[in-house]
Each structure stands twice: as C-alpha cells, then as structure tokens.
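Asks: Below are the structure tokens for one structure; questions will follow.
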Amino acid sequence: MTPLFDGLAAFCRGRDSRQFSIEEATRDYLSRIEREDPELGAFLSTNSNAVNRARQLDNRMARNPAPSPFYGYPVAIKDNLHVAGLPTTCASRMLANFRPLENATVVERLLQSGAIVLGKTNMDEFAMGSSTENSAMGVTRNPWDLRRVPGGSSGGSAVAVAADLAPMALGSDTGGSIRQPAAFCGVLGLKPTYGRISRYGLVAFSSSLDQIGPFARRAEDALQMMLLLSGPDGRDMTVASRDPAEMERDFRADVRGKVIGLPEEFFGDGLDPDVRASLDRAREVLSGEGAVFRPIRLPSAQYGINVYYLIATSEAASNLSRYDGVRYGYRSLKSKNIRDMYTHTRQEGFGPEVKRRILLGTFALSAGYQDQYYRKAQQVQSLIREEFDRAFHEVDMIFAPTTPTPPFLFGEKVSDPLAMYLSDIYTISANLAGLPALSAPSWPTPSGLPVGVQLIGPAWSEGRLLRSAAILEEAVGIRRPSVGTTRGGEAA
Amino acid sequence: MSTDFEMVVGLEVHSQLLTRTKLFCRCENRFGALPNTLVCPVCLGHPGVLPVLNREAVRLGIRLGLALGCTVHAHSVFDRKHYFYPDLPKGYQISQYTHPLLTGGVLTVRSGEGLREIRLHRIHMEEDAGKNLHAGIRDASHVDLNRAGVPLLEIVSEPDIRTPEEAVDYLKKLRQILRAVGVSDGNMEEGSFRCDANISLRPNGTSAFGTKVEIKNMNSFRFVQKALVYEYERQASLLQRGERVVSETRLFDSSTGKTSTMRSKEEALDYRYFPEPDLPPLVIDSRWVQEERDRLPELPQERVRKLSEEMGIREPDAEVLLLEEDFFRYFEEARQELSALARAGSWPEAQGTSRLVSFLLSEVLREWNRKGVPVLSGELRPGEIAYLVAQVVEERLSLNQAKEVYALCVEELRSPKTVIREKNLSQESGEEKLGEWIGEVLAENPAEVQSYREGKDRVFGFLVGQVMKKSAGKAHPQKANRLLKDALGR
Amino acid sequence: MQLTREQVTHVARLASLSLTPEEEVHFAGELSHILDYVESLNRLKLPPPGLNVGDGEQGPTPLRDDTPRPSTPVDLALTNAPDHSGQFFRVPRILEEGR
Ligand SMILES: [Mg+2]
Ligand SMILES: [Zn+2]
C-alpha cells in the first residue's frame with residue numbers, strides 16, 4: 001500500500017485542496033509504523049502527541065492557509081536529536097531514561113514551521129557505527145533484504161524513509177552516517193557543509209565533524225528541508241553566516257557544462273563490480289545532460305580512515321566524559337565512593353564499540369602520544385583539505401561511490417572493527433574537509449540491492465549537488481522495497 | 001627564617017569576572033543564590049549543548065591586559081582540559097592553553113623600601129567549576145552548580161617573587177588593578193579572587209631553579225604569607241639535612257598553618273588538552289582593543305604618582321590609600337572638608353593633609369583591620385574625621401587626645417564633638433597654666449630634678465610624664481617640653 | 001604500536017572506565033591492531049606544523065551579549081538526576097580534597 005502522498009509538493013497539494021487532513025496524513029504514517037516497524041525496528045519511540053498536534057494544526061488551517069510547506073508534515077528524528085517531551089537515548093543504556101529539557105535547533109525550526117514529529121529513530125550507540133548493530137535497543141533491518149544491515153549510524157532514519165514509515169527524516173553524519181545508510185536503503189541522504197546547520201541539541205559524537213542532514217526520496221524535498229534548517233541560531237558558534245537562499249539559486253542552475261571530477265582513489269580494487277557498474281550508468285546520465293567528467297587525484301584521501309579514527313575518537317572521548325552518572329543518565333549502584341561510581345557507571349552504561357572508541361581517543365590525546373597520533377592526524381587532515389581545495393579549482397563537484405559494497409549481512413563485520421570502519425572509506429573525507437556531500441540512489445545491483453552515488457562539492461554547494469541528484473532521480477526513478485518479504489526486489 | 005636560601009615564588013591567581021552572565025551561557029553570574037537555581041542545560045553539561053562566548057568577559061580580559069601592559073593577542077584559542085570531578089559538569093573545563101588571550105606584562109610591587117617589577121607570564125580565560133559540599137552529610141556529597149561556568153581570568157606570574165611580603169603586595173596590587181578597571185570585585189571571602197603559589201628554594205647567590213612545590217587553598221593574604229613562610233622553613237630544613245624536595249601539590253591548612261601533600265608528581269593529572277572544537281578561534285579586532293585602551297581609567301600607579309606630586313603624600317602612603325577604592329573615597333571627602341576648615345582657620349592645607357593621612361593610616365586602618373570590615377561601615381563620617389584632625393592642627397587637642405576621642409567615638413557610636421564636650425577634653429597651650437603645672441612637678445620631685453641637673457638625661461622623660469599626668473593629658477606636649485627645659489635651665 | 005595490558009589499564013583509568021581482565025586483554029589486542037593501521041600516517045611526508053589558529057580571513061569572532069536569561073527551574077534541573085537531596089545533586093562520598 002502506497003502512502004497518501006509522495007513527496008513534499010504532493011503533500012502540500014493534498015493538504016491545501018483538503019484531499020486529506022493533516023490528521024489523516026499523520027494517522028496514515030503512525031499506522032504504517034505500527035504495522036511494519038515491529039519487523040524493521042526503525043523507531044525507538046513514537047510521539048503519542050502527534051495526532052493531537054495534527055488536529056490542532058487542522059483546526060488552525062480552517063481559519064488560515066498553511067504558512068509553510070512543512071505545515072502538518074510528518075517527520076522522523078534520529079534519537080540523538082532532542083525533541084522536548086520525548087526521550088533522547090542515543091540508543092545507549094547510558095541515556096535510556098534521559099528527557100531533554102529543550103528542542104534541538106533543527107527540531108525547533110521544524111516545529112515552528114508546523115511539522116509533526118512521528119518519533120525517534122534507532123541508531124548505532126552515540127552514532128558510533130556503520131550498521132546500527134551497535135544499538136543497545138535492538139536491531140534495525142534493511143527493508144530491501146531483512147537479512148542485511150541498513151547501514152549506520154542513522155540506520156533507523158534511512159529505513160523509516162525507505163519503507164515509507166516517514167516521508168522524511170533527520171540524521172547526523174560524522175563519517176558517513178547519513179550517506180552510507182541512505183545508499184544501503186536506496187534513499188537520498190545529504191550531509192551539509194560544516195557550519196551550515198546549527199548542531200545545538202545534537203548529542204555530540206565528534207564536534208568538528210558532526211553535521212545534521214535530511215533523508216528524503218526527492219532532491220527537491222531535501223532542498224526545502226535544507227532551506228528551513230540552515231543558518232545561524234545564536235546557539236552554535238561554529239555556524240557560518242551564509243545565506244541559505246544560495247542553495248535555491250544553485251538548485252535551479254543547469255548541469256550543462258559543469259565539470260565533474262572522478263577521483264581515481266575512489267574507484268580502486270576494493271570497489272564491488274556491481275556497484276561500479278551501477279555508477280557507470282549514473283555517470284552516463286549526467287554526461288547525457290551535458291556534464292563533463294574528468295579524472296582527478298586525491299592521494300591523501302586514502303588516509304582518511306586513519307585520520308578519522310584518531311580525530312573522531314579523541315573528540316568522542318572528550319564529549320563522552322560528561323556521562324558520569326551525576327546530573328543525568330545511568331548510574332551504577334555498585335559504588336561507595338565517587339571514583340567507583342564513575343568507572344562502574346561508564347563500564348555498565350556504554351556498549352563495547354563506545355568503550356573501544358573512548359579508549360582509543362583517550363590514548364591518542366594522552367601525554368606522550370598526542371604528537372604522534374592526534375596532532376599528526378590534524379596535519380594530515382589539513383593535507384586532505386588542501387587537496388580538495390585544489391581539486392575544486394578544476395572541477396565543480398566530485399562523483400564517487402558512497403560505499404564500496406552493497407549492504408552487508410548482519411554479523412558480517414561486527415567481530416572485526418577495522419573491517420567495519422573501512423565501509424566508511426569513501427564518505428569520511430568529506431567530513432574531514434567539512435564539505436557538503438550526498439548519496440543519491442543509483443540503479444540497484446542485479447540481485448536487487450540498493451547502490452548509492454556520492455556527490456561531493458566545494459563548501460556551500462548543496463544546491464548544486466541536489467540539482468545533479470534530481471537528474472539522477474528522474475533517470476533512476478523512485479524505487480520502493482516490497483516490505484514484508486525477506487527477499488528484496490524492485491518495485492517501481 | 002633561615003637565611004641560607006632564596007625563595008623563588010610564582011603566583012597563579014584565579015579572578016572571577018564582573019559580568020552579568022556566565023562565560024558560555026546566559027545564566028546569571030551571581031554569588032549566594034539558592035543551590036542549583038542559576039543553571040541551564042549548557043552549564044549543567046547536558047548532552048547536545050554548545051558554548052556561546054560572552055563578549056563582556058572578553059572585554060574585561062582585554063581591559064586587564066591593557067592595564068597590566070600585556071600583549072593582547074588578536075588570535076587566541078580555547079582548549080578543553082579534562083578531569084573527572086562532580087563539580088565539573090562536562091568532564092572538561094573550557095580554558096586556554098597553547099594560545100592564551102594575554103601574555104607578558106608587569107606588576108610593580110613594594111620590596112622593602114624599594115620597588116620591584118614582577119613579570120607576568122600569561123593571562124587566560126576559563127570557566128569556573130561548581131561546588132561540592134561534604135559537611136554534615138553522611139556517606140554522600142552534594143553538588144551545587146551555580147558557580148559552574150562563571151568566567152575567570154587566570155593570571156600567572158613569572159617566578160620573580162622573592163619574599164612572602166612581595167607575594168602579598170603582588171596580590172594586593174593585582175586586586176587593586178582588577179577593581180580599578182572594573183574586572184572583578186576581588187572578594188576573597190566569596191572566592192572571586194583565589195591564589196595558588198609555586199615555590200622553590202635555591203642557595204643564595206645561585207641562579208638555577210630548585211624543585212618546585214605547588215600550594216593550593218590559601219584564601220586570604222595572611223594565609224598566603226603564612227603558607228610561604230611555612231613552606232620555606234620546611235624546604236630549607238630538608239635541604240639543610242641534605243634531603244631532596246619532592247615535586248608535588250600541597251594543601252594549606254589554615255587551622256594548623258601547615259601545608260600537607262595533596263598529590264605527588266606521579267599522580268599528576270594528564271589533562272589531555274586539545275582545541276575546543278565547539279568554539280572558533282577568538283579573533284579580536286584591533287579597533288576594539290584601541291577603544292578599550294581609550295576608555296581605561298587612571299591606573300593606581302599613575303594615581304600614586306599624582307598624589308605624591310600634588311599633595312606631598314609619601315608614595316608608600318599613597319599606595320595604601322589607594323589599595324581600596326572606598327578607603328580612598330573616604331580620604332578624599334575628609335580632605336575636602338579639612339581644606340574648608342583650613343581656609344576658615346587660615347592655616348596651610350598641606351599640614352592638614354599630612355596629619356589626615358597619618359591618622360587614617362594608623363588609627364582608622366587599624367580599626368578597620370581589627371573589625372575586618374570596610375571602613376565605610378565604620379562609624380565616623382569623613383567630615384567628623386576632618387574635624388578631629390583640625391583640632392590637632394589647631395592645637396586644641398593633642399594627637400593622643402585625638403586618638404582617644406576616635407577610639408571612644410568608634411566604641412560608643414558618638415560624634416567627636418560630643419565626646420570632646422562630655423569628656424571636657426581640650427589641649428592647654430597657655431604658658432601661664434603650663435608654668436603652673438611645671439612648677440608643681442619640680443616642687444614635688446626634687447631628687448629627680450637634682451639628678452637631671454647632674455646630667456642624667458633620662459629623667460627628663462619622667463618629668464614630662466609627670467607634667468602630662470598633672471594636666472590630665474591636656475598639656476600641649478611640645479610646649480610643655482620647651483617650658484620644662486627652660487625651667488630646669490639646661 | 002603494541003599496547004600492553006598496563007597501558008590499557010592506564011588509559012582506562014584516565015577515561016574513568018573500569019575494565020574486566022578479559023576486556024583488558026581483548027582491548028589491548030584490538031587497539032594495537034587499529035593503531036598499527038593508523039600508524040601508516042607516519043609514512044606521509046607532511047608540511048611543517050603551522051599555527052592552526054584561524055586564518056583571520058573570517059574577521060572578528062561574533063560574540064554574544066551579556067544579557068541574562070531565566071535559568072532552568074531547580075526541579076527541572078534535577079529531574080534527570082539519578083539521585084538528589086533537596087536542591088542538590090547527590091553523589092557518593094567524595095574522598096579527595098580539592099583536585
Ligand atoms: Mg585554571
Ligand atoms: Zn547556564
């Protein structure tokens with residue numbers, strides 16, 4: 001059964017012509033969640049107030065026209081973003097009972113425009129992972145093949161959109177956590193330029209790399225969401241004072257004559273042949289529209305994983321120091337003095353991947369090792385930035401795979417952290433360089449598994465990237481998994 | 001104190017800033033509120049919050065830097081300093097480490113009869129921690145986070161201080177400047193001005209540094225003095241016995257006057273500093289710095305110089321007058337009243353000023369120190385002090401009488417005029433009356449008169465004393481002196 | 001880089017994490033493996049480390065006004081706390097004085 005509407009524009013038409021009420025649209029999604037989510041596990045909590053709010057919005061609309069395209073629009077929110085009234089657990093035992101006192105800036109902006117939060121979505125604990133298998137709250141399944149992971153860490157948000165449990169969702173991307181699950185689930189996911197969107201109310205993993213971004217089926221919808229969420233809020237000093245409207249202008253501009261770089265390093269041996277074949281087809285589409293492809297070199301990008309796992313873990317170890325059982329969160333009862341309380345609380349409250357990263361990050365920052373690890377990583381990070389800078393003097397954007405392989409099976413990489421880390425090899429460098437990047441659906445593999453095309457642009461070029469994504473969207477078509485079967489398949 | 005070793009001291013002062021809000025959130029920066037009523041998600045360190053830097057805190061930092069002659073850096077960086085403690089909500093303190101706001105600068109302190117320049121190493125911005133409470137709680141501690149996130153400037157001197165007295169003067173002068181430029185109220189009781197000391201010893205005449213020990217928890221000037229003296233003796237006796245000083249952090253216990261080990265160097269914390277990714281580098285416009293420079297008030301040193309040049313007040317006295325702004329204002333008001341009295345009585349104003357200064361620095365300041373309260377909550381209005389001093393200048397009262405009157409005023413909460421009237425105090429300088437008293441004393445003490453005339457000078461004091469006694473303290477001392485000498489014929 | 005169990009214990013103490021003996025062994029192996037991997041950074045020729053302090057191109061840092069806002073009511077501030085006593089957060093006895 002298809003949802004009541006497909007895309008933001010269709011929602012607005014249906015809403016404004018009274019084809020359906022906001023309450024009906026909301027109930028439609030809530031009943032889909034109720035029906036499908038027990039199998040998929042995308043949601044950690046749902047908003048019991050959603051229908052009430054929908055009714056209020058309907059009432060207000062009886063007197064005044066809807067003031068925003070998002071008025072009454074249902075959305076799903078990753079469980080590391082604060083929604084007042086709902087728990088924020090970060091899929092961790094540590095925060096199982098945490099209730100935020102205020103909304104994240106992005107949530108506040110959605111609510112101000114009239115959007116309705118359906119619920120909070122599953123993720124890897126504290127956004128650390130690439131398969132959502134690190135959630136302390138249970139597994140999320142890929143709707144294209146229930147034996148496979150949805151990717152991560154924003155697995156729940158990707159699945160919610162892919163399985164039509166929400167028309168759009170928010171996620172966060174530190175090393176690929178929006179783009180990789182978007183690719184694995186066959187939806188569009190965008191990581192904005194660092195400093196485009198306020199991070200206030202996003203539970204920090206790695207502050208210098210984290211960005212919030214949308215999951216959508218359509219590039220146009222993602223653009224609208226970006227216009228709503230972008231710009232300074234006075235609560236995050238790392239947000240740049242850029243005019244979000246530039247994205248709209250760029251989105252309307254033609255791809256004809258645009259130069260697209262093909263980085264050799266992203267098309268090496270590790271790339272799955274089915275993924276490569278799908279990407280070749282996508283490339284032809286963009287060429288057909290008049291884009292010019294040119295090979296480029298990004299030699300330091302191969303060190304991205306190394307740099308990432310030093311910088312992200314260092315910042316994570318620091319950011320996670322606040323979980324001490326004093327002011328909120330889990331507290332171990334096994335303790336008579338304060339030091340014991342700290343160590344047992346953290347031992348019992350954090351899962352293994354979180355502990356692994358805290359240890360690695362603490363080591364990388366510790367006396368005697370900081371120069372060798374953390375600072376060295378910073379230097380290589382500057383090198384990666386410079387290479388991208390140089391590349392963008394020659395090309396308007398970069399075309400690459402999002403992931404080396406299609407979605408993998410549950411348990412396939414859990415026992416080998418390094419193998420898991422390598423699934424982010426293509427997405428990490430955009431975070432390290434602070435650049436906008438998206439994953440758009442390409443043609444599925446012959447066995448019906450989703451494939452993502454990654455587009456990386458210079459800072460503030462989200463509009464341009466979304467334009468190209470829109471072109472691919474038209475060529476590939478909107479594809480939906482047939483939810484409820486264990487074997488994936490195409491359904492146009 | 002042993003004299004074989006020289007003391008080498010550097011001081012670290014944490015001063016809270018007089019901002020309305022905290023450093024990174026908009027909670028009020030206020031002392032004495034009910035527990036945990038000045039907190040928000042940011043200063044509670046909730047998940048997902050971010051710091052936003054307070055402009056006023058930066059402005060006050062710039063002002064202090066300019067007042068102390070520091071370099072104000074156009075670029076500075078905030079870092080995270082990590083340690084776990086319940087009063088530190090995030091598990092790290094936001095501070096400045098590799099690139100502080102201010103470096104260099106000097107503070108001139110009084111050293112014996114001279115002056116010495118103490119160089120400043122650096123001054124950086126950071127946030128304060130909350131407070132843990134243990135007293136009267138069984139098997140638990142309590143945490144109040146009202147103070148968490150209050151802006152601080154940490155002022156680090158070079159190890160240029162050589163005596164406990166210099167250390168205390170450094171702190172007094174620093175506090176005076178902090179107040180003068182409106183950076184801090186410098187209130188030690190409320191913890192808005194806190195000091196740690198690094199101290200090492202070296203044999204006199206050598207230049208290499210010895211092993212240094214850090215002393216914490218000295219919350220008054222007197223304790224700083226005591227702790228340094230104690231620590232000097234402790235280290236000196238170790239060194240004299242040929243033992244080594246251990247590098248460590250020690251706590252001063254004000255009840256015993258001793259320091260004791262808090263943690264050894266081996267236990268020293270690994271703070272894992274790294275640049276705070278939630279705050280961009282602090283870039284300051286040079287025009288802003290210039291604006292603050294233009295708006296800086298006259299600094300204490302400049303005022304000391306002026307007081308000395310314009311009123312002939314000795315520099316060390318002027319320094320004391322200026323240590324507390326309230327005290328100085330009191331002096332100024334009294335001086336103006338006194339100047340009116342000088343015009344009325346046609347005597348030189350300068351004579352009154354110098355009498356006033358010495359009266360304030362002895363009697364009034366002693367009273368103030370005894371009570372430990374600002375002099376303004378004392379009982380005499382500036383006009384009353386001026387009146388009392390004028391009585392002395394006009395020789396209506398002796399200095400001793402004036403002191404007595406002051407003490408009675410303070411004790412009985414009465415005005416000098418009333419006290420003088422009721423006690424029937426006045427000074428007798430009429431030669432006739434003085435001669436009468438002297439005649440009686442000479443008649444009553446023939447033996448002493450005899451021995452004085454035989455050359456025993458010491459007896460003169462005794463005779464003067466007798467005259468004063470006979471006059472019930474009213475005799476004008478200098479005149480009585482002169483007349484007594486005349487009468488004795490020597 | 002081969003991490004010893006002792007190093008892992010030290011790092012765990014810095015991070016206020018208690019580890020079981022099995023975890024210590026396990027993490028020692030796993031972290032060594034990851035460190036070996038990231039070690040390849042040392043093969044890179046790097047430009048001399050410069051001051052990574054903003055390039056000043058962005059101009060002065062915008063700062064916020066010193067205007068108070070109402071704080072969180074104390075009951076809300078304490079609402080997430082695992083334990084509190086009156087208006088205080090309550091924790092097991094702190095043994096050390098100072099820091
Ligand atoms: Mg400090
Ligand atoms: Zn606050």
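Letters A, B, ... mark the chains of the structure tokens in the order given; residue numbers begin at 1 per chain; ligand numbers begin at 1, in order shown.
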If we count only C-alpha atoms, which residues of chain B reach to within 12 Å of chain A? Please list them as JSON, numbers by chain.
Replies: {"B": [24, 25, 26, 36, 39, 40, 41, 42, 43, 44, 45, 46, 47, 48, 49, 50, 51, 52, 53, 54, 79, 80, 81, 82, 83, 84, 85, 86, 87, 88, 89, 90, 91, 92, 93, 94, 132, 138, 139, 140, 141, 142, 143, 144, 145, 268, 269, 270, 271, 272, 273, 274, 275, 276, 277, 278, 279, 280, 281, 282]}
Asks: Please, which residues in chain C fall within 8 Å of chain A when counting only C-alpha atoms, and what is the closest atom pair and distance in Å to one decimal for each, ordered by chain then residue number, as a Markdown table?
Replies:
| residue | atom | partner | partner_atom | distance |
| --- | --- | --- | --- | --- |
| C:Val8 | CA | A:Leu359 | CA | 7.7 |
| C:Val11 | CA | A:Phe363 | CA | 5.9 |
| C:Ala12 | CA | A:Leu359 | CA | 6.3 |
| C:Leu14 | CA | A:Thr362 | CA | 7.3 |
| C:Ala15 | CA | A:Thr362 | CA | 6.5 |
| C:Ser16 | CA | A:Thr343 | CA | 4.8 |
| C:Leu17 | CA | A:Thr343 | CA | 4.4 |
| C:Ser18 | CA | A:Thr343 | CA | 4.9 |
| C:Leu19 | CA | A:Gln347 | CA | 6.8 |
| C:Phe27 | CA | A:Arg356 | CA | 7.1 |
| C:Leu31 | CA | A:Leu360 | CA | 6.7 |
| C:Ile34 | CA | A:Leu418 | CA | 6.7 |
| C:Tyr37 | CA | A:Asn306 | CA | 7.1 |
| C:Val38 | CA | A:Asn306 | CA | 4.5 |
| C:Glu39 | CA | A:Asn306 | CA | 7.8 |
| C:Ser40 | CA | A:Asn306 | CA | 7.9 |
| C:Leu41 | CA | A:Tyr303 | CA | 6.8 |
| C:Leu46 | CA | A:Gln379 | CA | 7.1 |
| C:Pro47 | CA | A:Gln379 | CA | 7.9 |
| C:Pro49 | CA | A:Gln379 | CA | 6.8 |
| C:Arg64 | CA | A:Gly234 | CA | 7.8 |
| C:Leu76 | CA | A:Leu101 | CA | 7.6 |
| C:Leu78 | CA | A:Arg327 | CA | 7.1 |
| C:Asn80 | CA | A:Tyr328 | CA | 4.6 |
| C:Ala81 | CA | A:Tyr328 | CA | 4.3 |
| C:Pro82 | CA | A:Tyr328 | CA | 6.0 |
| C:Asp83 | CA | A:Val326 | CA | 7.7 |
| C:Phe89 | CA | A:Arg327 | CA | 6.7 |
| C:Arg90 | CA | A:Val326 | CA | 7.4 |
| C:Val91 | CA | A:Val326 | CA | 6.5 |
| C:Pro92 | CA | A:Asn337 | CA | 4.9 |
| C:Arg93 | CA | A:Asn337 | CA | 5.1 |
| C:Ile94 | CA | A:Ile338 | CA | 5.4 |
| C:Leu95 | CA | A:Asn337 | CA | 7.1 |
Asks: For chain B, work out the contacting residues on chain C at 7 Å, counting only C-alpha atoms, and write them as a compact mmCIF listing (two decimals) with C-alpha atoms, in the first residue's frame.
Replies:
# COMPACT_ATOMS: atom_id res chain seq x y z
CA VAL C 53 44.60 29.19 14.55
CA GLY C 54 42.00 30.52 12.09
CA GLY C 56 41.89 35.67 10.25
CA GLY C 59 37.16 38.69 10.60
CA PRO C 60 36.37 39.16 14.28
CA THR C 61 34.51 36.38 16.05
CA LEU C 63 30.22 37.21 20.37
CA ARG C 64 27.03 37.22 22.36
CA ASP C 65 25.62 39.98 24.55
CA ASP C 66 25.94 39.77 28.31
CA THR C 67 22.20 39.65 28.87
CA PRO C 68 20.80 37.15 31.39
CA ARG C 69 18.03 34.73 30.60
CA PRO C 70 15.96 32.92 33.21
CA SER C 71 17.70 29.76 34.36
CA THR C 72 16.11 26.31 34.41
CA PRO C 73 13.80 25.87 37.42
CA VAL C 74 15.62 23.77 40.00
CA GLN C 87 18.19 21.21 45.81
CA PHE C 88 21.49 19.38 45.44
CA PHE C 89 22.73 16.65 43.15
CA ARG C 90 23.71 13.83 45.46
CA VAL C 91 26.75 11.66 44.81
CA PRO C 92 28.64 9.01 46.75
CA ARG C 93 31.14 10.46 49.20
CA ILE C 94 34.00 12.40 47.57
Asks: So which one's closest to ligand 1, B:Ser200, B:Gln96, B:Thr418, B:Ser184? Using only C-alpha atoms and all ligand atoms, please.
Replies: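 Counting only C-alpha atoms and all ligand atoms, the residue closest to ligand 1 is B:Gln96.
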Asks: Please, which residues have at least one atom within 10 Å of an atom of ligand 1, using only C-alpha atoms and all ligand atoms, listed as a list in words?
Replies: Glu12, Val13, His14, Ser15, Lys81, Gln93, Ile94, Ser95, Gln96, Tyr97, Ile123, His124, Met125, Glu126, Glu127, Asp128, Ala129, Leu152, Leu153, Glu154, Ile155, Val156 and Asp196 of chain B
Asks: What lies within 12 Å of A:Arg18 using only C-alpha atoms, ignoring chain neighbours under 5 positions off, as a ChimeraX atom specification?
Replies: /A:10-13,23-25,58,61-62,65-66
Asks: Those same residues - all heavy atoms - I'd like them written as an mmCIF file, in the first residue's frame.
Replies:
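Everything below was put into result-v2.cif:
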data_model
loop_
_atom_site.group_PDB
_atom_site.id
_atom_site.type_symbol
_atom_site.label_atom_id
_atom_site.label_comp_id
_atom_site.auth_asym_id
_atom_site.auth_seq_id
_atom_site.Cartn_x
_atom_site.Cartn_y
_atom_site.Cartn_z
ATOM 1 N N ALA A 10 3.456 17.074 -3.335
ATOM 2 C CA ALA A 10 2.178 16.352 -3.345
ATOM 3 C C ALA A 10 1.473 16.511 -2.001
ATOM 4 O O ALA A 10 0.242 16.653 -1.937
ATOM 5 C CB ALA A 10 2.411 14.866 -3.638
ATOM 6 N N PHE A 11 2.257 16.513 -0.950
ATOM 7 C CA PHE A 11 1.672 16.718 0.385
ATOM 8 C C PHE A 11 0.980 18.074 0.452
ATOM 9 O O PHE A 11 -0.163 18.190 0.902
ATOM 10 C CB PHE A 11 2.749 16.616 1.467
ATOM 11 C CG PHE A 11 2.297 17.089 2.818
ATOM 12 C CD1 PHE A 11 1.462 16.296 3.612
ATOM 13 C CD2 PHE A 11 2.673 18.343 3.302
ATOM 14 C CE1 PHE A 11 1.032 16.733 4.864
ATOM 15 C CE2 PHE A 11 2.239 18.785 4.544
ATOM 16 C CZ PHE A 11 1.421 17.986 5.329
ATOM 17 N N CYS A 12 1.676 19.090 -0.012
ATOM 18 C CA CYS A 12 1.112 20.446 0.050
ATOM 19 C C CYS A 12 -0.172 20.531 -0.774
ATOM 20 O O CYS A 12 -1.157 21.114 -0.327
ATOM 21 C CB CYS A 12 2.121 21.477 -0.445
ATOM 22 S SG CYS A 12 3.551 21.614 0.638
ATOM 23 N N ARG A 13 -0.148 19.953 -1.961
ATOM 24 C CA ARG A 13 -1.349 19.978 -2.811
ATOM 25 C C ARG A 13 -2.513 19.283 -2.113
ATOM 26 O O ARG A 13 -3.610 19.828 -2.016
ATOM 27 C CB ARG A 13 -1.068 19.283 -4.154
ATOM 28 C CG ARG A 13 -0.377 20.171 -5.183
ATOM 29 C CD ARG A 13 -0.469 19.562 -6.586
ATOM 30 N NE ARG A 13 0.036 18.191 -6.668
ATOM 31 C CZ ARG A 13 1.332 17.883 -6.798
ATOM 32 N NH1 ARG A 13 2.243 18.834 -6.896
ATOM 33 N NH2 ARG A 13 1.710 16.614 -6.855
ATOM 34 N N GLU A 23 -4.472 15.348 10.087
ATOM 35 C CA GLU A 23 -4.673 14.218 10.992
ATOM 36 C C GLU A 23 -4.648 12.900 10.220
ATOM 37 O O GLU A 23 -4.011 11.929 10.649
ATOM 38 C CB GLU A 23 -5.998 14.371 11.739
ATOM 39 C CG GLU A 23 -6.205 13.257 12.745
ATOM 40 C CD GLU A 23 -7.535 13.337 13.503
ATOM 41 O OE1 GLU A 23 -8.157 14.426 13.493
ATOM 42 O OE2 GLU A 23 -7.924 12.316 14.081
ATOM 43 N N GLU A 24 -5.280 12.886 9.051
ATOM 44 C CA GLU A 24 -5.288 11.646 8.253
ATOM 45 C C GLU A 24 -3.881 11.268 7.812
ATOM 46 O O GLU A 24 -3.464 10.110 7.893
ATOM 47 C CB GLU A 24 -6.188 11.814 7.010
ATOM 48 C CG GLU A 24 -7.646 11.666 7.334
ATOM 49 C CD GLU A 24 -8.558 12.142 6.184
ATOM 50 O OE1 GLU A 24 -8.116 13.014 5.381
ATOM 51 O OE2 GLU A 24 -9.675 11.665 6.110
ATOM 52 N N ALA A 25 -3.131 12.301 7.370
ATOM 53 C CA ALA A 25 -1.765 12.022 6.915
ATOM 54 C C ALA A 25 -0.927 11.481 8.071
ATOM 55 O O ALA A 25 -0.143 10.538 7.912
ATOM 56 C CB ALA A 25 -1.141 13.297 6.351
ATOM 57 N N ASP A 58 -4.879 21.183 11.968
ATOM 58 C CA ASP A 58 -6.055 21.177 11.077
ATOM 59 C C ASP A 58 -6.998 22.314 11.458
ATOM 60 O O ASP A 58 -7.475 23.055 10.595
ATOM 61 C CB ASP A 58 -6.807 19.839 11.187
ATOM 62 C CG ASP A 58 -6.211 18.770 10.267
ATOM 63 O OD1 ASP A 58 -5.695 19.135 9.182
ATOM 64 O OD2 ASP A 58 -6.246 17.576 10.639
ATOM 65 N N MET A 61 -5.775 25.573 10.432
ATOM 66 C CA MET A 61 -5.795 25.746 8.978
ATOM 67 C C MET A 61 -7.210 26.028 8.474
ATOM 68 O O MET A 61 -7.393 26.511 7.364
ATOM 69 C CB MET A 61 -5.217 24.516 8.283
ATOM 70 C CG MET A 61 -4.417 24.901 7.050
ATOM 71 S SD MET A 61 -3.708 23.500 6.189
ATOM 72 C CE MET A 61 -5.144 22.688 5.548
ATOM 73 N N ALA A 62 -8.211 25.712 9.289
ATOM 74 C CA ALA A 62 -9.586 26.018 8.885
ATOM 75 C C ALA A 62 -9.768 27.525 8.798
ATOM 76 O O ALA A 62 -10.612 28.011 8.050
ATOM 77 C CB ALA A 62 -10.557 25.413 9.897
ATOM 78 N N PRO A 65 -4.619 29.873 5.815
ATOM 79 C CA PRO A 65 -3.908 28.916 4.949
ATOM 80 C C PRO A 65 -2.594 28.480 5.602
ATOM 81 O O PRO A 65 -2.045 29.193 6.435
ATOM 82 C CB PRO A 65 -3.646 29.709 3.664
ATOM 83 C CG PRO A 65 -3.764 31.138 4.050
ATOM 84 C CD PRO A 65 -4.709 31.210 5.219
ATOM 85 N N ALA A 66 -2.111 27.315 5.213
ATOM 86 C CA ALA A 66 -0.871 26.790 5.774
ATOM 87 C C ALA A 66 0.265 27.768 5.508
ATOM 88 O O ALA A 66 0.463 28.191 4.373
ATOM 89 C CB ALA A 66 -0.548 25.439 5.155
#
Asks: Within 10 Å of A:Ala54, counting only C-alpha atoms, which residues qualify if same-chain residues fewer than 5 places away don't, as a ChimeraX atom specification?
Replies: /A:21-27,49,59-60,71-74,114-116
Asks: Those selected residues, please, written with C-alpha atoms and delivered as an mmCIF file, in the first residue's frame.
Replies:
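File produced: result_13.cif:
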data_model
loop_
_atom_site.group_PDB
_atom_site.id
_atom_site.type_symbol
_atom_site.label_atom_id
_atom_site.label_comp_id
_atom_site.auth_asym_id
_atom_site.auth_seq_id
_atom_site.Cartn_x
_atom_site.Cartn_y
_atom_site.Cartn_z
ATOM 1 C CA SER A 21 -6.443 16.298 6.553
ATOM 2 C CA ILE A 22 -3.212 16.623 8.467
ATOM 3 C CA GLU A 23 -4.673 14.218 10.992
ATOM 4 C CA GLU A 24 -5.288 11.646 8.253
ATOM 5 C CA ALA A 25 -1.765 12.022 6.915
ATOM 6 C CA THR A 26 -0.339 11.658 10.418
ATOM 7 C CA ARG A 27 -2.506 8.655 11.267
ATOM 8 C CA ASN A 49 1.010 13.593 20.996
ATOM 9 C CA ASN A 59 -8.164 23.491 13.223
ATOM 10 C CA ARG A 60 -5.861 26.393 12.718
ATOM 11 C CA TYR A 71 2.882 22.703 7.972
ATOM 12 C CA GLY A 72 1.472 19.379 9.145
ATOM 13 C CA TYR A 73 4.282 17.418 7.517
ATOM 14 C CA PRO A 74 5.293 14.296 9.474
ATOM 15 C CA GLY A 114 4.279 23.240 11.725
ATOM 16 C CA ALA A 115 5.947 19.872 11.138
ATOM 17 C CA ILE A 116 4.883 16.870 13.237
#
Asks: DSSP on the backbone, then: every residue of chain C marked alpha helix (DSSP H), written as number ranges by chain.
Replies: C: 5-14, 21-38, 74-78
Asks: Measuring between only C-alpha atoms and all ligand atoms, which one of B:Ile438, B:Val150, B:Val8, B:Leu17 shows the shortest distance to ligand 2?
Replies: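 Closest residue, counting only C-alpha atoms and all ligand atoms: B:Val150.
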Asks: Go ahead and compute the interatomic distance for atom CA of B:Arg194 and atom CA of B:Glu248, in Å to one decimal.
Replies: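 Answer for the atom CA of B:Arg194 to atom CA of B:Glu248 separation: 19.5 Å.
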